[in-house]
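Note: the block below is protein_30.txt and it holds compact mmCIF, C-alpha atoms and all ligand atoms.
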```
# COMPACT_ATOMS: atom_id res chain seq x y z
CA MET A 1 34.44 86.60 37.34
CA THR A 2 32.88 85.22 40.52
CA GLN A 3 35.22 85.77 43.45
CA ALA A 4 35.10 85.68 47.22
CA SER A 5 36.65 88.60 49.05
CA TYR A 6 39.31 88.84 51.71
CA PRO A 7 39.77 87.05 54.07
CA ALA A 8 37.83 84.17 52.48
CA LEU A 9 39.92 84.85 49.42
CA ARG A 10 43.66 84.94 50.03
CA LEU A 11 45.60 84.56 46.78
CA ARG A 12 48.75 83.90 48.79
CA ARG A 13 47.27 80.60 50.08
CA THR A 14 48.14 78.64 46.93
CA ARG A 15 51.59 80.25 46.83
CA ALA A 16 52.59 79.23 50.34
CA SER A 17 54.51 76.06 49.51
CA ALA A 18 56.60 74.73 46.65
CA TRP A 19 54.31 71.75 45.97
CA SER A 20 51.30 74.02 45.71
CA ARG A 21 53.08 76.50 43.44
CA ALA A 22 54.08 73.62 41.17
CA MET A 23 50.50 72.41 41.08
CA HIS A 24 49.10 75.82 40.19
CA ALA A 25 51.64 76.81 37.55
CA GLU A 26 49.73 77.85 34.43
CA ASN A 27 52.69 77.55 32.09
CA ARG A 28 55.81 75.44 32.10
CA LEU A 29 59.03 75.40 30.12
CA THR A 30 60.42 72.19 28.69
CA PRO A 31 63.40 71.58 26.39
CA SER A 32 60.94 70.90 23.56
CA ASP A 33 60.00 74.60 23.65
CA PHE A 34 63.37 75.60 22.21
CA ILE A 35 64.73 76.09 18.72
CA TRP A 36 68.50 76.62 18.85
CA PRO A 37 70.03 79.07 16.32
CA LEU A 38 73.52 78.03 15.19
CA PHE A 39 76.05 79.85 13.01
CA VAL A 40 78.02 77.85 10.46
CA THR A 41 81.45 78.72 9.09
CA GLU A 42 83.93 77.17 6.63
CA GLY A 43 86.80 74.94 7.72
CA SER A 44 87.16 71.90 9.89
CA ARG A 45 87.42 71.70 13.68
CA ALA A 46 86.83 75.46 13.55
CA GLU A 47 85.23 77.46 16.34
CA GLU A 48 85.02 81.24 15.98
CA PRO A 49 83.68 83.05 19.05
CA ILE A 50 81.46 86.04 18.28
CA LYS A 51 82.58 89.02 20.35
CA SER A 52 79.20 90.73 20.60
CA LEU A 53 77.52 87.42 21.54
CA PRO A 54 79.59 86.15 24.48
CA GLY A 55 79.30 82.37 24.73
CA VAL A 56 78.12 81.93 21.12
CA SER A 57 80.43 80.78 18.33
CA ARG A 58 80.38 79.96 14.67
CA TRP A 59 81.16 76.30 14.06
CA SER A 60 82.48 74.47 11.03
CA VAL A 61 80.17 71.82 9.59
CA ASP A 62 81.87 68.92 11.44
CA LEU A 63 81.43 70.72 14.76
CA ILE A 64 77.86 71.78 13.98
CA VAL A 65 77.08 68.08 13.89
CA GLU A 66 78.44 67.78 17.43
CA ARG A 67 76.19 70.64 18.51
CA ALA A 68 73.25 68.80 16.93
CA ARG A 69 74.06 65.72 18.99
CA GLU A 70 74.23 67.83 22.16
CA ALA A 71 70.91 69.45 21.33
CA GLN A 72 69.24 66.13 20.78
CA ALA A 73 70.63 64.73 24.04
CA ALA A 74 69.23 67.78 25.86
CA GLY A 75 65.77 67.30 24.33
CA ILE A 76 65.84 70.24 21.90
CA PRO A 77 63.64 69.35 18.90
CA CYS A 78 64.93 71.75 16.27
CA LEU A 79 67.96 73.78 15.13
CA ALA A 80 67.96 77.01 13.11
CA LEU A 81 70.96 77.42 10.81
CA PHE A 82 72.67 80.60 9.61
CA PRO A 83 75.76 80.64 7.38
CA ASN A 84 78.74 82.97 7.51
CA THR A 85 79.36 82.94 3.78
CA GLN A 86 82.95 83.60 2.69
CA PRO A 87 83.39 87.19 1.44
CA ASP A 88 84.38 86.07 -2.08
CA ARG A 89 81.08 84.19 -2.41
CA ARG A 90 78.95 87.25 -1.68
CA SER A 91 77.60 89.15 -4.67
CA ASP A 92 75.02 91.81 -5.45
CA ASP A 93 72.54 89.15 -6.59
CA GLY A 94 73.19 86.73 -3.71
CA ALA A 95 73.59 83.86 -6.19
CA GLU A 96 75.44 81.72 -3.64
CA ALA A 97 72.04 81.17 -1.96
CA LEU A 98 71.16 78.97 -4.94
CA ASN A 99 74.33 76.88 -4.90
CA PRO A 100 73.43 73.30 -3.91
CA ASP A 101 76.85 72.95 -2.29
CA ASN A 102 76.83 76.19 -0.34
CA LEU A 103 77.78 76.18 3.33
CA MET A 104 74.16 76.05 4.42
CA CYS A 105 73.30 73.00 2.30
CA ARG A 106 76.42 71.17 3.45
CA ALA A 107 75.48 71.84 7.07
CA ILE A 108 71.89 70.67 6.52
CA ARG A 109 73.04 67.43 4.89
CA ALA A 110 75.66 66.73 7.56
CA ILE A 111 73.15 67.20 10.37
CA LYS A 112 70.45 65.16 8.66
CA ASP A 113 72.97 62.34 8.04
CA ALA A 114 74.27 62.23 11.59
CA VAL A 115 71.18 63.20 13.62
CA PRO A 116 68.20 62.45 11.37
CA ASP A 117 65.61 62.92 14.11
CA ILE A 118 66.35 66.55 14.90
CA GLY A 119 64.42 69.21 12.99
CA VAL A 120 66.34 71.65 10.81
CA LEU A 121 64.90 75.12 10.23
CA THR A 122 66.54 77.29 7.59
CA ASP A 123 66.34 81.03 7.17
CA VAL A 124 65.26 82.32 3.77
CA ALA A 125 66.58 85.80 2.99
CA LEU A 126 69.59 86.93 1.01
CA ASP A 127 71.56 88.90 3.62
CA PRO A 128 74.18 86.21 4.32
CA TYR A 129 74.88 86.04 0.57
CA THR A 130 74.68 89.63 -0.71
CA ALA A 131 77.66 91.96 -1.00
CA HIS A 132 75.45 94.81 0.30
CA GLY A 133 73.99 93.00 3.31
CA GLN A 134 70.35 93.62 2.38
CA ASP A 135 67.85 90.73 2.40
CA GLY A 136 66.87 91.17 -1.25
CA LEU A 137 67.90 92.54 -4.64
CA LEU A 138 68.47 96.27 -5.09
CA ASP A 139 67.40 98.56 -7.92
CA GLU A 140 69.60 101.41 -9.10
CA THR A 141 68.38 103.65 -6.26
CA GLY A 142 69.27 101.06 -3.62
CA TYR A 143 65.62 100.14 -2.98
CA VAL A 144 65.01 96.45 -2.16
CA VAL A 145 62.72 95.24 -4.93
CA ASN A 146 59.94 92.87 -3.94
CA ASP A 147 58.92 90.64 -6.84
CA ALA A 148 62.35 89.94 -8.33
CA THR A 149 63.58 89.08 -4.84
CA ILE A 150 60.78 86.54 -4.45
CA ASP A 151 62.04 84.68 -7.51
CA VAL A 152 65.42 84.22 -5.83
CA LEU A 153 63.83 83.30 -2.49
CA ILE A 154 61.86 80.54 -4.21
CA GLY A 155 65.12 79.13 -5.57
CA GLN A 156 66.77 79.46 -2.17
CA SER A 157 63.88 77.65 -0.48
CA LEU A 158 63.92 74.78 -2.99
CA ASN A 159 67.70 74.53 -2.61
CA GLN A 160 67.38 74.21 1.16
CA ALA A 161 64.47 71.77 0.94
CA ALA A 162 66.41 69.57 -1.49
CA ALA A 163 69.31 69.50 0.98
CA GLY A 164 66.92 68.24 3.67
CA ALA A 165 65.56 71.28 5.49
CA ASP A 166 62.40 70.50 7.47
CA ILE A 167 61.15 74.04 8.04
CA ILE A 168 61.63 76.93 5.64
CA ALA A 169 61.57 80.21 7.54
CA PRO A 170 61.37 83.28 5.28
CA SER A 171 62.80 86.20 7.25
CA ASP A 172 62.97 88.64 4.35
CA MET A 173 59.57 90.36 4.79
CA MET A 174 58.83 90.61 1.04
CA ASP A 175 55.09 90.79 0.28
CA GLY A 176 53.67 87.56 -1.13
CA ARG A 177 56.67 85.32 -0.59
CA VAL A 178 54.98 82.74 1.63
CA GLY A 179 52.40 81.84 -1.00
CA ALA A 180 55.00 81.73 -3.75
CA ILE A 181 57.33 79.50 -1.73
CA ARG A 182 54.46 77.20 -0.67
CA GLU A 183 53.39 76.74 -4.28
CA ALA A 184 56.94 75.92 -5.39
CA LEU A 185 57.45 73.45 -2.54
CA GLU A 186 54.23 71.64 -3.48
CA GLU A 187 55.20 71.50 -7.15
CA GLU A 188 58.65 70.15 -6.39
CA GLY A 189 57.43 67.33 -4.15
CA HIS A 190 58.15 68.93 -0.77
CA ALA A 191 54.60 68.69 0.55
CA ASN A 192 55.75 67.98 4.11
CA VAL A 193 58.30 70.76 4.31
CA GLN A 194 56.83 73.32 6.69
CA ILE A 195 56.87 77.09 6.45
CA MET A 196 57.41 79.11 9.60
CA ALA A 197 56.89 82.69 8.47
CA TYR A 198 58.78 85.51 10.09
CA ALA A 199 55.38 87.18 9.91
CA ALA A 200 55.79 90.17 12.20
CA LYS A 201 59.46 91.03 11.93
CA TYR A 202 60.40 94.49 13.08
CA ALA A 203 63.21 96.77 11.87
CA SER A 204 64.95 96.40 15.21
CA ALA A 205 68.12 97.68 16.85
CA PHE A 206 68.45 94.29 18.55
CA TYR A 207 69.89 92.43 15.51
CA GLY A 208 73.42 93.87 15.69
CA PRO A 209 75.28 90.83 17.09
CA PHE A 210 73.55 88.53 14.58
CA ARG A 211 74.82 90.66 11.72
CA ASP A 212 78.34 90.33 13.16
CA ALA A 213 77.84 86.57 13.32
CA VAL A 214 76.81 86.17 9.68
CA GLY A 215 79.27 88.84 8.53
CA SER A 216 76.68 91.18 7.02
CA GLY A 217 76.93 93.96 9.60
CA GLY A 218 79.99 95.62 8.11
CA LEU A 219 78.51 95.45 4.62
CA LEU A 220 75.11 96.94 5.35
CA LYS A 221 74.64 100.58 4.53
CA GLY A 222 71.48 102.20 5.76
CA ASN A 223 68.74 100.11 7.31
CA LYS A 224 65.97 97.60 6.52
CA LYS A 225 63.00 99.88 7.25
CA SER A 226 61.52 99.64 3.73
CA TYR A 227 60.62 95.99 4.36
CA GLN A 228 60.85 95.20 8.07
CA MET A 229 58.10 96.63 10.27
CA ASP A 230 57.99 99.89 12.19
CA PRO A 231 58.26 99.19 15.95
CA ALA A 232 55.43 101.70 16.43
CA ASN A 233 52.88 99.37 14.82
CA SER A 234 50.73 96.53 16.11
CA GLN A 235 47.61 96.51 13.92
CA GLU A 236 49.90 96.16 10.94
CA ALA A 237 51.46 93.09 12.59
CA LEU A 238 48.03 91.44 12.67
CA ARG A 239 47.63 92.15 8.94
CA GLU A 240 51.07 90.65 8.23
CA VAL A 241 50.18 87.53 10.19
CA ALA A 242 46.76 87.20 8.54
CA LEU A 243 48.37 87.36 5.10
CA ASP A 244 51.03 84.76 5.87
CA ILE A 245 48.42 82.36 7.29
CA ALA A 246 46.23 82.87 4.23
CA GLU A 247 49.23 82.13 2.00
CA GLY A 248 49.87 78.80 3.73
CA ALA A 249 52.24 79.39 6.65
CA ASP A 250 52.16 76.45 9.08
CA SER A 251 53.30 78.66 11.93
CA VAL A 252 54.13 82.32 12.42
CA MET A 253 56.91 84.09 14.22
CA VAL A 254 57.16 87.38 16.04
CA LYS A 255 60.61 88.95 16.19
CA PRO A 256 62.27 90.33 18.31
CA GLY A 257 60.84 88.64 21.39
CA LEU A 258 60.76 90.35 24.77
CA PRO A 259 60.00 93.91 23.58
CA TYR A 260 57.12 92.49 21.49
CA LEU A 261 55.26 90.24 23.93
CA ASP A 262 52.16 92.37 23.33
CA ILE A 263 52.26 91.40 19.65
CA ILE A 264 52.65 87.71 20.49
CA ALA A 265 49.63 87.80 22.81
CA ARG A 266 47.47 89.63 20.27
CA VAL A 267 48.45 87.28 17.45
CA LYS A 268 47.71 84.20 19.56
CA ASP A 269 44.34 85.55 20.71
CA ARG A 270 43.29 86.54 17.22
CA PHE A 271 44.46 83.66 15.04
CA GLU A 272 44.84 80.54 17.21
CA VAL A 273 47.75 79.24 15.13
CA PRO A 274 51.16 78.08 16.38
CA VAL A 275 53.15 81.20 17.28
CA PHE A 276 56.89 81.26 17.85
CA ALA A 277 59.10 84.06 19.13
CA TYR A 278 62.69 84.84 18.25
CA GLN A 279 64.56 86.03 21.30
CA VAL A 280 67.16 87.75 19.14
CA SER A 281 70.88 88.31 19.45
CA GLY A 282 70.64 91.73 21.10
CA GLU A 283 68.31 90.34 23.73
CA TYR A 284 70.74 87.51 24.44
CA ALA A 285 73.60 90.02 24.70
CA MET A 286 71.53 92.23 27.01
CA LEU A 287 70.82 89.34 29.41
CA GLU A 288 74.43 88.22 29.39
CA ALA A 289 75.62 91.78 30.05
CA ALA A 290 73.18 92.14 32.93
CA ALA A 291 74.35 88.86 34.46
CA ALA A 292 78.01 89.80 33.95
CA VAL A 293 77.68 92.96 36.04
CA GLY A 294 75.81 91.11 38.76
CA ALA A 295 72.43 92.67 37.95
CA GLY A 296 70.72 89.32 38.33
CA ASP A 297 71.25 85.59 38.46
CA ARG A 298 71.97 84.41 34.93
CA ASP A 299 70.04 81.14 35.08
CA ALA A 300 67.04 82.78 36.70
CA LEU A 301 67.04 85.65 34.18
CA VAL A 302 67.21 83.20 31.28
CA LEU A 303 64.42 80.93 32.52
CA GLU A 304 62.13 83.81 33.51
CA THR A 305 62.38 85.48 30.12
CA LEU A 306 61.81 82.20 28.29
CA LEU A 307 58.80 81.38 30.45
CA ALA A 308 57.37 84.80 29.58
CA PHE A 309 57.10 83.65 25.96
CA LYS A 310 55.00 80.65 27.01
CA ARG A 311 52.74 82.89 29.10
CA ALA A 312 52.28 85.25 26.15
CA GLY A 313 51.05 82.32 24.06
CA CYS A 314 54.08 80.92 22.24
CA SER A 315 54.42 77.31 21.20
CA GLY A 316 58.17 77.77 21.35
CA VAL A 317 61.05 80.19 21.12
CA LEU A 318 64.22 80.55 19.12
CA THR A 319 66.90 81.36 21.65
CA TYR A 320 70.69 81.34 21.84
CA HIS A 321 70.23 80.13 25.41
CA ALA A 322 68.49 76.94 24.20
CA LEU A 323 71.16 74.42 25.16
CA HIS A 324 71.88 76.03 28.51
CA ALA A 325 68.19 76.36 29.36
CA ALA A 326 67.38 72.83 28.23
CA ARG A 327 70.14 71.48 30.44
CA LEU A 328 68.89 73.55 33.40
CA LEU A 329 65.40 72.15 32.92
CA GLY A 330 66.63 68.61 32.43
CA ALA A 331 68.80 68.65 35.52
C1 LIG A 401 68.12 87.83 8.30
C2 LIG A 401 67.89 87.65 9.74
C3 LIG A 401 68.21 88.53 10.78
C4 LIG A 401 67.93 87.85 11.96
C5 LIG A 401 67.42 86.60 11.63
N1 LIG A 401 67.38 86.50 10.26
C6 LIG A 401 68.84 89.87 10.77
C7 LIG A 401 68.21 90.98 10.05
O1 LIG A 401 67.06 90.93 9.64
O2 LIG A 401 68.93 91.95 9.85
C8 LIG A 401 68.18 88.39 13.34
C9 LIG A 401 68.38 87.37 14.43
C10 LIG A 401 69.05 87.86 15.65
O3 LIG A 401 69.33 89.07 15.84
O4 LIG A 401 69.33 87.02 16.51
N2 LIG A 401 67.11 88.28 7.52
```

This structure in structure tokens:
Amino acid sequence: MTQASYPALRLRRTRASAWSRAMHAENRLTPSDFIWPLFVTEGSRAEEPIKSLPGVSRWSVDLIVERAREAQAAGIPCLALFPNTQPDRRSDDGAEALNPDNLMCRAIRAIKDAVPDIGVLTDVALDPYTAHGQDGLLDETGYVVNDATIDVLIGQSLNQAAAGADIIAPSDMMDGRVGAIREALEEEGHANVQIMAYAAKYASAFYGPFRDAVGSGGLLKGNKKSYQMDPANSQEALREVALDIAEGADSVMVKPGLPYLDIIARVKDRFEVPVFAYQVSGEYAMLEAAAAVGAGDRDALVLETLLAFKRAGCSGVLTYHALHAARLLGA
């Protein structure tokens, strides 16, 4: 790098006024950077606040449609849907994931009917449907089996695509599922349905509030370490991403977000594909808790953390703060 030295070079010069800072900003947030995760529940006119996620609720399908309208008005391009399946519809094999009239499919159809121009991303994994809370099928020892799970994930993906999902997002971390799902989508006439792979998804302590929201937390015994990644690893994340790209992922995701900015930056540098981050439930809860005790200004904390994802190389970020942040930016 060719540089002058002080005092010819004063890096504070370009920071001295607001107009100059605006002109020199290397990254910028816009509402189109956000994907808004929403939790769906049964009923009508139903809102169920989630205790561990203050400010986030589950909504019945009719009210999810209202959220979709709000998102579109705020400039958010895409929603991510997660169902809180009724307890009596959860089973060891997660068969409800294949039901064309399950809560998820009804929510997809309702949104696509009412707000056809907003994108709908759907999670593919069995944890909202299994009686044991794991993302896949178990053998007699309780191990999550890979290949048999993929067969169900293919059916789940086709079910969601038939209901109108625009982006299939496998979050299950089974080996080989992206290729298998891509092939099935092509065969069934869903050539334009995208796959956003949860490529580097870590076995994280930050998912707790999400599991409360989809009702799997109380069911889950043990952990997900036999399929989700070890937080100690980064080279392995690059291998995961390389595989998912080779299998046909249109974009890749790193999850959680803030504690894994190093992974995002390495993935972006290495592969030059669209990278998204999931700022997960525990991160949201952490920011809200910090703001609630006066440890920082809520709006500033939210926007700074979201901007950090852009700086690290993200095309966008899944965040529970999406609507709030989009409105802040639009104002
Ligand atoms: C399900 C899934 C999880 C999240 C997204 N999809 C939880 C998990 O893997 O246990 C977490 C999202 C969040 O914490 O906000 N496979």

Please measure the separation of atom CA of Ala265 of chain A and atom CA of Phe309 of chain A, giving the value in Å to one decimal.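 Atom-to-atom, atom CA of Ala265 of chain A to atom CA of Phe309 of chain A, that is 9.1 Å.
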
Give the answer as one residue: which of A:Arg28, A:Lys221, A:Arg109, A:Arg89 has the shortest atom-to-atom distance to Tyr129 of chain A, using all atoms listed in the file? A:Arg89

At most 6 Å from ligand LIG 401 (chain A) (all atoms listed in the file): residue list as a VMD selection string: chain A and resid 125 127 135 171 to 172 206 to 207 210 280 to 281

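Atom pair atom CA of Arg58 of chain A / atom CA of Ser91 of chain A has a distance of 21.6 Å (rounded to one decimal).
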
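When only C-alpha atoms are used to compute distances to Ala325 of chain A, the closest of the residues A:Thr30, A:Thr149, A:Ser5, A:Thr41 turns out to be A:Thr30.
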
Just give me the gap between atom CA of Phe271 of chain A and atom CA of Ala232 of chain A in Å, one decimal is fine.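 Atom CA of Ala232 of chain A lies 21.2 Å from atom CA of Phe271 of chain A.
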
Got a sec: who's within 10 Å of Ala131 of chain A, counting all atoms listed in the file, leaving out chain neighbours fewer than 4 positions off, as a PyMOL selection string? chain A and resi 87-94+126-127+216+219-220

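Shortest atom-to-atom contact with Gly133 of chain A among A:Lys201, A:Ala97, A:Asn223, A:Ala71: A:Asn223, counting all atoms listed in the file.
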
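Using only C-alpha atoms, the residues found no farther than 9 Å from Asn146 of chain A, other than those of its own chain fewer than 4 positions away, are A:Gly136, A:Leu137, A:Ile150, A:Met174, A:Asp175, A:Gly176, A:Arg177, A:Tyr227.
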
Identify which of the residues A:Asp299, A:Glu288, A:Glu247, A:Asp151 lies closest to Val56 of chain A, counting only C-alpha atoms when measuring atom-to-atom distances.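 When distances to Val56 of chain A are compared using only C-alpha atoms, the smallest one comes from A:Glu288.
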
Looking at A:Ala22, A:Ile111, A:Ala285, A:Val293, which one is nearest to Gly55 of chain A, with distances taken over only C-alpha atoms?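 Once distances to Gly55 of chain A are computed over only C-alpha atoms, the minimum belongs to A:Ala285.
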